[in-house]
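Raw start24.txt, compact mmCIF, C-alpha atoms and all ligand atoms:
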# COMPACT_ATOMS: atom_id res chain seq x y z
CA MET A 1 -44.39 88.48 -6.65
CA LEU A 2 -46.68 90.06 -4.06
CA LYS A 3 -47.92 88.01 -1.14
CA LYS A 4 -51.53 88.51 -2.18
CA ASP A 5 -50.71 87.15 -5.64
CA ARG A 6 -49.08 84.08 -4.11
CA TYR A 7 -52.21 83.42 -2.06
CA GLU A 8 -54.39 83.83 -5.11
CA ALA A 9 -52.20 81.49 -7.18
CA PHE A 10 -52.14 78.94 -4.34
CA VAL A 11 -55.92 78.88 -3.89
CA ASN A 12 -56.58 78.84 -7.63
CA TYR A 13 -54.17 76.00 -8.30
CA PHE A 14 -55.36 73.68 -5.55
CA SER A 15 -59.06 74.52 -5.95
CA LYS A 16 -58.72 73.33 -9.52
CA HIS A 17 -56.38 70.36 -9.03
CA GLN A 18 -57.27 69.08 -5.55
CA PRO A 19 -60.83 70.20 -4.82
CA GLN A 20 -61.47 67.14 -2.62
CA ALA A 21 -58.34 67.03 -0.45
CA GLU A 22 -58.91 65.33 2.87
CA THR A 23 -57.16 63.66 5.79
CA GLU A 24 -55.44 60.33 5.18
CA LEU A 25 -56.48 59.05 8.62
CA HIS A 26 -59.23 56.42 8.51
CA TYR A 27 -62.34 57.09 10.61
CA THR A 28 -66.11 56.82 10.39
CA ASN A 29 -67.25 59.35 13.02
CA PRO A 30 -65.91 62.35 15.00
CA PHE A 31 -65.05 60.20 18.04
CA GLU A 32 -62.86 57.91 15.93
CA LEU A 33 -61.20 60.89 14.26
CA LEU A 34 -60.43 62.40 17.66
CA ILE A 35 -58.75 59.15 18.72
CA ALA A 36 -56.81 58.92 15.45
CA VAL A 37 -55.60 62.52 15.62
CA ILE A 38 -54.45 62.16 19.24
CA LEU A 39 -52.53 59.04 18.21
CA SER A 40 -51.02 60.70 15.15
CA ALA A 41 -48.87 63.19 17.09
CA GLN A 42 -45.22 62.49 16.14
CA CYS A 43 -46.31 59.42 14.19
CA THR A 44 -47.29 58.65 10.60
CA ASP A 45 -50.90 58.36 9.42
CA LYS A 46 -49.97 55.04 7.84
CA ARG A 47 -48.96 53.59 11.21
CA ILE A 48 -52.10 54.96 12.90
CA ASN A 49 -54.31 53.41 10.22
CA GLN A 50 -52.70 50.06 11.01
CA VAL A 51 -53.68 50.12 14.68
CA THR A 52 -57.05 51.87 14.68
CA PRO A 53 -59.25 49.12 13.15
CA LYS A 54 -58.76 46.81 16.16
CA LEU A 55 -58.85 49.72 18.60
CA PHE A 56 -62.17 50.99 17.19
CA GLU A 57 -63.56 47.48 17.23
CA ARG A 58 -62.74 47.04 20.92
CA PHE A 59 -63.84 50.59 21.87
CA PRO A 60 -66.74 51.49 19.58
CA THR A 61 -68.22 54.05 21.99
CA VAL A 62 -67.04 56.79 24.31
CA GLU A 63 -68.47 54.76 27.23
CA SER A 64 -66.41 51.67 26.40
CA LEU A 65 -63.18 53.68 26.20
CA ALA A 66 -63.95 55.65 29.37
CA ALA A 67 -64.54 52.39 31.26
CA SER A 68 -61.22 50.91 30.15
CA THR A 69 -57.71 51.31 31.55
CA SER A 70 -54.61 52.78 29.97
CA ASP A 71 -52.94 49.36 30.39
CA GLU A 72 -55.54 47.75 28.17
CA VAL A 73 -55.49 50.56 25.59
CA PHE A 74 -51.69 50.30 25.51
CA THR A 75 -51.91 46.74 24.18
CA TYR A 76 -53.70 48.05 21.07
CA ILE A 77 -51.38 50.97 20.36
CA ARG A 78 -47.97 49.69 21.42
CA SER A 79 -46.51 50.19 17.92
CA VAL A 80 -47.23 53.94 17.73
CA SER A 81 -44.93 56.59 19.19
CA TYR A 82 -45.27 57.35 22.93
CA PRO A 83 -47.83 54.58 23.53
CA ASN A 84 -47.83 54.96 27.34
CA ASN A 85 -48.75 58.62 27.30
CA LYS A 86 -51.19 58.23 24.44
CA ALA A 87 -52.99 55.35 26.19
CA LYS A 88 -53.46 57.57 29.25
CA HIS A 89 -54.61 60.46 27.07
CA LEU A 90 -57.20 58.34 25.28
CA VAL A 91 -58.82 57.07 28.47
CA GLY A 92 -58.68 60.57 30.02
CA MET A 93 -60.13 62.10 26.86
CA ALA A 94 -63.05 59.63 26.86
CA LYS A 95 -63.81 60.35 30.52
CA ILE A 96 -63.98 64.12 29.95
CA LEU A 97 -65.85 63.72 26.68
CA LEU A 98 -68.44 61.66 28.49
CA GLY A 99 -68.57 63.66 31.73
CA ASP A 100 -68.40 67.23 30.37
CA PHE A 101 -69.76 66.96 26.85
CA GLY A 102 -72.28 64.12 27.02
CA GLY A 103 -70.14 61.97 24.74
CA ILE A 104 -70.43 64.41 21.82
CA VAL A 105 -67.23 65.81 20.30
CA PRO A 106 -67.41 69.60 20.76
CA GLU A 107 -66.76 72.08 17.94
CA ASP A 108 -65.19 74.85 20.00
CA ILE A 109 -61.40 74.65 20.04
CA ASN A 110 -61.21 75.80 23.66
CA ASP A 111 -63.57 73.00 24.70
CA LEU A 112 -61.60 70.49 22.68
CA GLN A 113 -58.40 71.52 24.42
CA LYS A 114 -59.87 70.63 27.81
CA MET A 115 -59.24 66.98 26.97
CA PRO A 116 -55.86 65.33 27.56
CA GLY A 117 -53.79 64.83 24.45
CA VAL A 118 -55.65 67.60 22.63
CA GLY A 119 -53.48 70.64 21.97
CA ARG A 120 -54.23 73.53 19.67
CA LYS A 121 -53.17 71.64 16.56
CA THR A 122 -55.39 68.62 17.29
CA ALA A 123 -58.30 70.88 18.22
CA ASN A 124 -57.94 72.76 14.93
CA VAL A 125 -57.87 69.49 12.97
CA ILE A 126 -61.13 68.35 14.58
CA ALA A 127 -62.79 71.75 14.14
CA SER A 128 -61.83 71.97 10.48
CA VAL A 129 -62.28 68.33 9.41
CA VAL A 130 -65.45 67.52 11.35
CA PHE A 131 -67.13 70.93 11.37
CA ASN A 132 -65.52 72.62 8.32
CA ALA A 133 -64.64 75.48 10.68
CA PRO A 134 -62.14 78.08 9.42
CA ALA A 135 -59.40 76.67 11.66
CA MET A 136 -55.85 76.03 10.52
CA ALA A 137 -53.93 73.21 12.17
CA VAL A 138 -50.21 73.83 11.76
CA ASP A 139 -48.04 70.74 11.75
CA THR A 140 -44.50 70.41 10.49
CA HIS A 141 -45.62 70.20 6.81
CA VAL A 142 -47.93 73.21 6.99
CA PHE A 143 -45.20 75.18 8.77
CA ARG A 144 -42.51 74.34 6.22
CA VAL A 145 -44.54 74.54 2.99
CA SER A 146 -46.32 77.80 3.77
CA ASN A 147 -42.99 79.34 4.66
CA ARG A 148 -41.25 78.09 1.51
CA LEU A 149 -44.11 79.20 -0.70
CA GLY A 150 -43.95 82.66 0.80
CA LEU A 151 -47.46 82.52 2.25
CA THR A 152 -45.97 83.41 5.62
CA THR A 153 -43.30 85.93 6.47
CA ALA A 154 -40.93 85.70 9.43
CA ALA A 155 -43.34 83.37 11.23
CA LYS A 156 -41.22 81.54 13.79
CA THR A 157 -43.91 79.58 15.66
CA PRO A 158 -46.88 77.42 14.64
CA LEU A 159 -49.22 80.00 16.15
CA ALA A 160 -47.69 82.79 14.06
CA VAL A 161 -48.07 80.65 10.92
CA GLU A 162 -51.66 79.84 11.83
CA LYS A 163 -52.51 83.52 12.32
CA GLN A 164 -51.03 84.60 9.01
CA LEU A 165 -52.69 81.80 7.03
CA VAL A 166 -56.07 82.45 8.65
CA LYS A 167 -55.70 86.17 7.94
CA TYR A 168 -54.89 85.89 4.24
CA LEU A 169 -56.72 82.78 3.05
CA PRO A 170 -60.35 83.12 1.94
CA GLN A 171 -62.50 82.04 4.91
CA ASP A 172 -64.19 79.19 3.03
CA LYS A 173 -60.85 77.71 1.92
CA ILE A 174 -59.08 77.57 5.28
CA HIS A 175 -60.21 74.07 6.24
CA ILE A 176 -59.17 72.53 2.93
CA ALA A 177 -55.95 74.56 2.61
CA HIS A 178 -54.70 72.65 5.64
CA HIS A 179 -54.87 69.40 3.63
CA TRP A 180 -53.38 71.00 0.53
CA LEU A 181 -50.33 72.09 2.49
CA ILE A 182 -49.94 68.79 4.34
CA LEU A 183 -50.24 66.63 1.22
CA HIS A 184 -47.90 68.85 -0.76
CA GLY A 185 -45.37 68.67 2.08
CA ARG A 186 -45.73 64.94 2.45
CA TYR A 187 -45.25 64.03 -1.22
CA ILE A 188 -43.49 66.90 -3.05
CA CYS A 189 -42.10 69.61 -0.80
CA LEU A 190 -40.11 67.20 1.38
CA ALA A 191 -38.22 68.59 4.35
CA ARG A 192 -34.67 67.66 3.34
CA SER A 193 -34.88 67.62 -0.41
CA PRO A 194 -37.95 69.27 -1.89
CA LYS A 195 -38.74 67.95 -5.37
CA CYS A 196 -38.74 71.42 -6.92
CA GLU A 197 -37.99 70.10 -10.40
CA LEU A 198 -41.27 68.13 -10.31
CA CYS A 199 -43.29 70.67 -8.38
CA PRO A 200 -46.33 72.00 -10.25
CA ILE A 201 -46.47 75.19 -8.18
CA SER A 202 -42.84 76.28 -8.43
CA HIS A 203 -43.90 79.25 -10.59
CA PHE A 204 -45.27 81.03 -7.53
CA CYS A 205 -42.94 79.58 -4.87
CA LYS A 206 -40.70 82.04 -3.07
CA TYR A 207 -38.12 79.38 -2.18
CA ASP A 208 -37.78 78.36 -5.83
CA GLU A 209 -37.53 82.00 -6.84
CA GLN A 210 -34.69 82.49 -4.36
CA GLN A 211 -32.82 79.50 -5.78
CA HIS A 212 -32.61 81.24 -9.15
CA THR A 213 -31.29 84.66 -8.20
CA PRO A 214 -27.77 85.40 -9.60
CA SER A 215 -26.19 85.09 -6.13
CA ALA A 216 -27.96 81.77 -5.39
CA LEU A 217 -26.86 80.38 -8.76
CA LYS A 218 -23.28 81.52 -8.09
CA LYS A 219 -23.38 79.88 -4.66
CA LYS A 220 -24.64 76.65 -6.21
CA GLU A 221 -21.88 76.76 -8.82
CA ASN A 222 -19.21 77.30 -6.15
CA ALA A 223 -20.63 74.45 -4.05
CA GLU A 224 -20.44 72.16 -7.10
CA ILE A 225 -16.83 73.17 -7.78
CA ARG A 226 -15.96 72.50 -4.11
CA LYS A 227 -17.63 69.11 -4.30
CA GLN A 228 -15.68 68.14 -7.43
CA LYS A 229 -12.40 69.26 -5.84
CA GLN A 230 -13.08 67.23 -2.70
CA LYS A 231 -13.92 64.22 -4.84
CA ALA A 232 -10.70 64.58 -6.82
CA GLN A 233 -8.67 64.94 -3.60
CA LYS A 234 -10.25 61.83 -2.14
CA LEU A 235 -9.48 59.85 -5.29
CA LYS A 236 -5.87 61.02 -5.15
CA LYS A 237 -5.55 60.04 -1.46
CA ASP A 238 -7.09 56.64 -2.10
CA LYS A 239 -4.68 56.06 -4.95
CA ILE A 240 -1.65 56.96 -2.79
CA ALA A 241 -2.90 54.74 0.06
CA LYS A 242 -3.34 51.88 -2.36
CA GLU A 243 0.13 52.37 -3.77
CA LEU A 244 1.73 52.46 -0.28
CA LYS A 245 -0.09 49.29 0.70
CA LYS A 246 1.09 47.59 -2.44
CA ARG A 247 4.71 48.58 -1.73
CA ALA A 248 4.47 47.39 1.88
CA LEU A 249 3.42 43.97 0.64
CA ILE A 250 6.42 43.59 -1.73
S1 LIG B 1 -40.96 74.63 -5.66
FE1 LIG B 1 -39.85 73.36 -4.20
S2 LIG B 1 -39.84 74.51 -2.30
FE2 LIG B 1 -41.45 75.39 -3.61
S3 LIG B 1 -43.31 74.33 -3.01
FE3 LIG B 1 -42.45 73.24 -4.74
S4 LIG B 1 -41.20 71.62 -3.83
FE4 LIG B 1 -41.61 73.14 -2.23
Show me this structure written as structure tokens.
Amino acid sequence: MLKKDRYEAFVNYFSKHQPQAETELHYTNPFELLIAVILSAQCTDKRINQVTPKLFERFPTVESLAASTSDEVFTYIRSVSYPNNKAKHLVGMAKILLGDFGGIVPEDINDLQKMPGVGRKTANVIASVVFNAPAMAVDTHVFRVSNRLGLTTAAKTPLAVEKQLVKYLPQDKIHIAHHWLILHGRYICLARSPKCELCPISHFCKYDEQQHTPSALKKKENAEIRKQKQKAQKLKKDKIAKELKKRALI
């Protein structure tokens, strides 16, 4: 299957079946989303959604967060990953947001990256989710799924994946494709054991295609034979050990 056909199949499938895909982080305005995305680095959205209600209640405005201390913020986010660093980032972010941008979350990804805790990925999330900009945030799910599907070729870094996806996806689908890839990676195309047998898009997936070539099938068959042999050997050893133990007791 040609790469362009894979892209077409990908966009067609998800446009039809998930036209409303969106982030699973809870927020009511761009400032809250910025906080949630900074917190979500190396952490689950579920965990972030557990801590943000109280955090947003205590810091409803940029001013209130900028006037706080990382020690205080820490007490609200202690259960997320890297709470010390993230507490510092949040206060630093609020200070720059207030001082340099008048408290308004900027759209430009270079401006966004001037704030602590905001790398390229976070900046792309804000640009695409808040402003529907054609920006592709590449996290571990986007990286893995786009590679398995064959939407990217030999892309070894998140930036390389981002560039290829932005180049080949239709401009108006880039912001939503980010959610399609994340959600598919989170629930179906899992890192260790992708649920290919349940996957509705296996018909255009390169990884799945590769699993069914004659050499891949042969490899699978050999692995299964090896597994059965090892199992049989283990059973035999266990039986001998049991027998020896029994004799030692007589
Ligand atoms: S077929 Fe398997 S590898 Fe391909 S996208 Fe689906 S779950 Fe992922």
Could you give me the axis-aligned bounding box of ligand LIG 1 (chain B), with 6 Å of padding per side, as centre plus edge lengths in Å to one decimal, as lines of an AutoDock Vina configuration file?
center_x = -41.6
center_y = 73.5
center_z = -3.9
size_x = 15.5
size_y = 15.8
size_z = 15.4
### Query
When distances are computed from all atoms listed in the file, which of A:Ile182, A:Gln233, A:Ser70, A:Thr153 shows the smallest separation from ligand LIG 1 (chain B)?
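The closest residue to ligand LIG 1 (chain B) is A:Ile182.
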Using all atoms listed in the file, which residues of chain A come within 12 Å of ligand LIG 1 (chain B), and what is the closest atom pair for each, with the distance in Å to one decimal? Give it as a tab-separated table, sorted by chain and residue number.
residue	atom	partner	partner_atom	distance
A:Arg6	CA	B:LIG1	S3	11.4
A:Phe10	CA	B:LIG1	S3	10.0
A:His141	CA	B:LIG1	FE4	10.3
A:Val142	CA	B:LIG1	S3	11.1
A:Phe143	CA	B:LIG1	FE4	11.7
A:Arg144	CA	B:LIG1	FE4	8.6
A:Val145	CA	B:LIG1	S3	6.1
A:Ser146	CA	B:LIG1	S3	8.2
A:Asn147	CA	B:LIG1	S2	9.0
A:Arg148	CA	B:LIG1	S2	5.4
A:Leu149	CA	B:LIG1	S3	5.4
A:Gly150	CA	B:LIG1	FE2	8.9
A:Leu151	CA	B:LIG1	S3	10.6
A:Trp180	CA	B:LIG1	S3	11.2
A:Leu181	CA	B:LIG1	S3	9.2
A:Ile182	CA	B:LIG1	S3	11.3
A:Leu183	CA	B:LIG1	S3	11.2
A:His184	CA	B:LIG1	S3	7.5
A:Gly185	CA	B:LIG1	FE4	7.3
A:Arg186	CA	B:LIG1	S4	10.2
A:Tyr187	CA	B:LIG1	S4	9.0
A:Ile188	CA	B:LIG1	S4	5.3
A:Cys189	CA	B:LIG1	S4	3.7
A:Leu190	CA	B:LIG1	S4	6.9
A:Ala191	CA	B:LIG1	FE4	8.7
A:Arg192	CA	B:LIG1	S2	10.3
A:Ser193	CA	B:LIG1	S4	8.2
A:Pro194	CA	B:LIG1	S4	4.5
A:Lys195	CA	B:LIG1	S4	4.7
A:Cys196	CA	B:LIG1	FE1	3.5
A:Glu197	CA	B:LIG1	S1	7.2
A:Leu198	CA	B:LIG1	S4	7.4
A:Cys199	CA	B:LIG1	FE3	4.5
A:Pro200	CA	B:LIG1	FE3	6.9
A:Ile201	CA	B:LIG1	FE3	5.6
A:Ser202	CA	B:LIG1	S1	3.7
A:His203	CA	B:LIG1	S1	7.4
A:Phe204	CA	B:LIG1	FE2	7.9
A:Cys205	CA	B:LIG1	FE2	4.6
A:Lys206	CA	B:LIG1	FE2	6.7
A:Tyr207	CA	B:LIG1	S2	5.2
A:Asp208	CA	B:LIG1	S1	4.9
A:Glu209	CA	B:LIG1	S1	8.2
A:Gln210	CA	B:LIG1	S2	9.7
A:Gln211	CA	B:LIG1	S2	9.3
A:His212	CA	B:LIG1	S1	11.2
### Task
With a distance cut-off of 6 Å and all atoms listed in the file, select the neighbouring residues of stretch 128-133 of chain A, excluding the residue or stretch itself and same-chain residues fewer than 3 positions from it, and output the selection as a VMD selection string.
chain A and resid 124 to 125 175
### Task
Name the residues in contact with A:Lys88 at a cut-off of 9 Å, using only C-alpha atoms, excluding same-chain residues fewer than 2 positions from it; report them as a PyMOL selection string.
chain A and resi 69-71+73-74+83-86+90-93+116-117
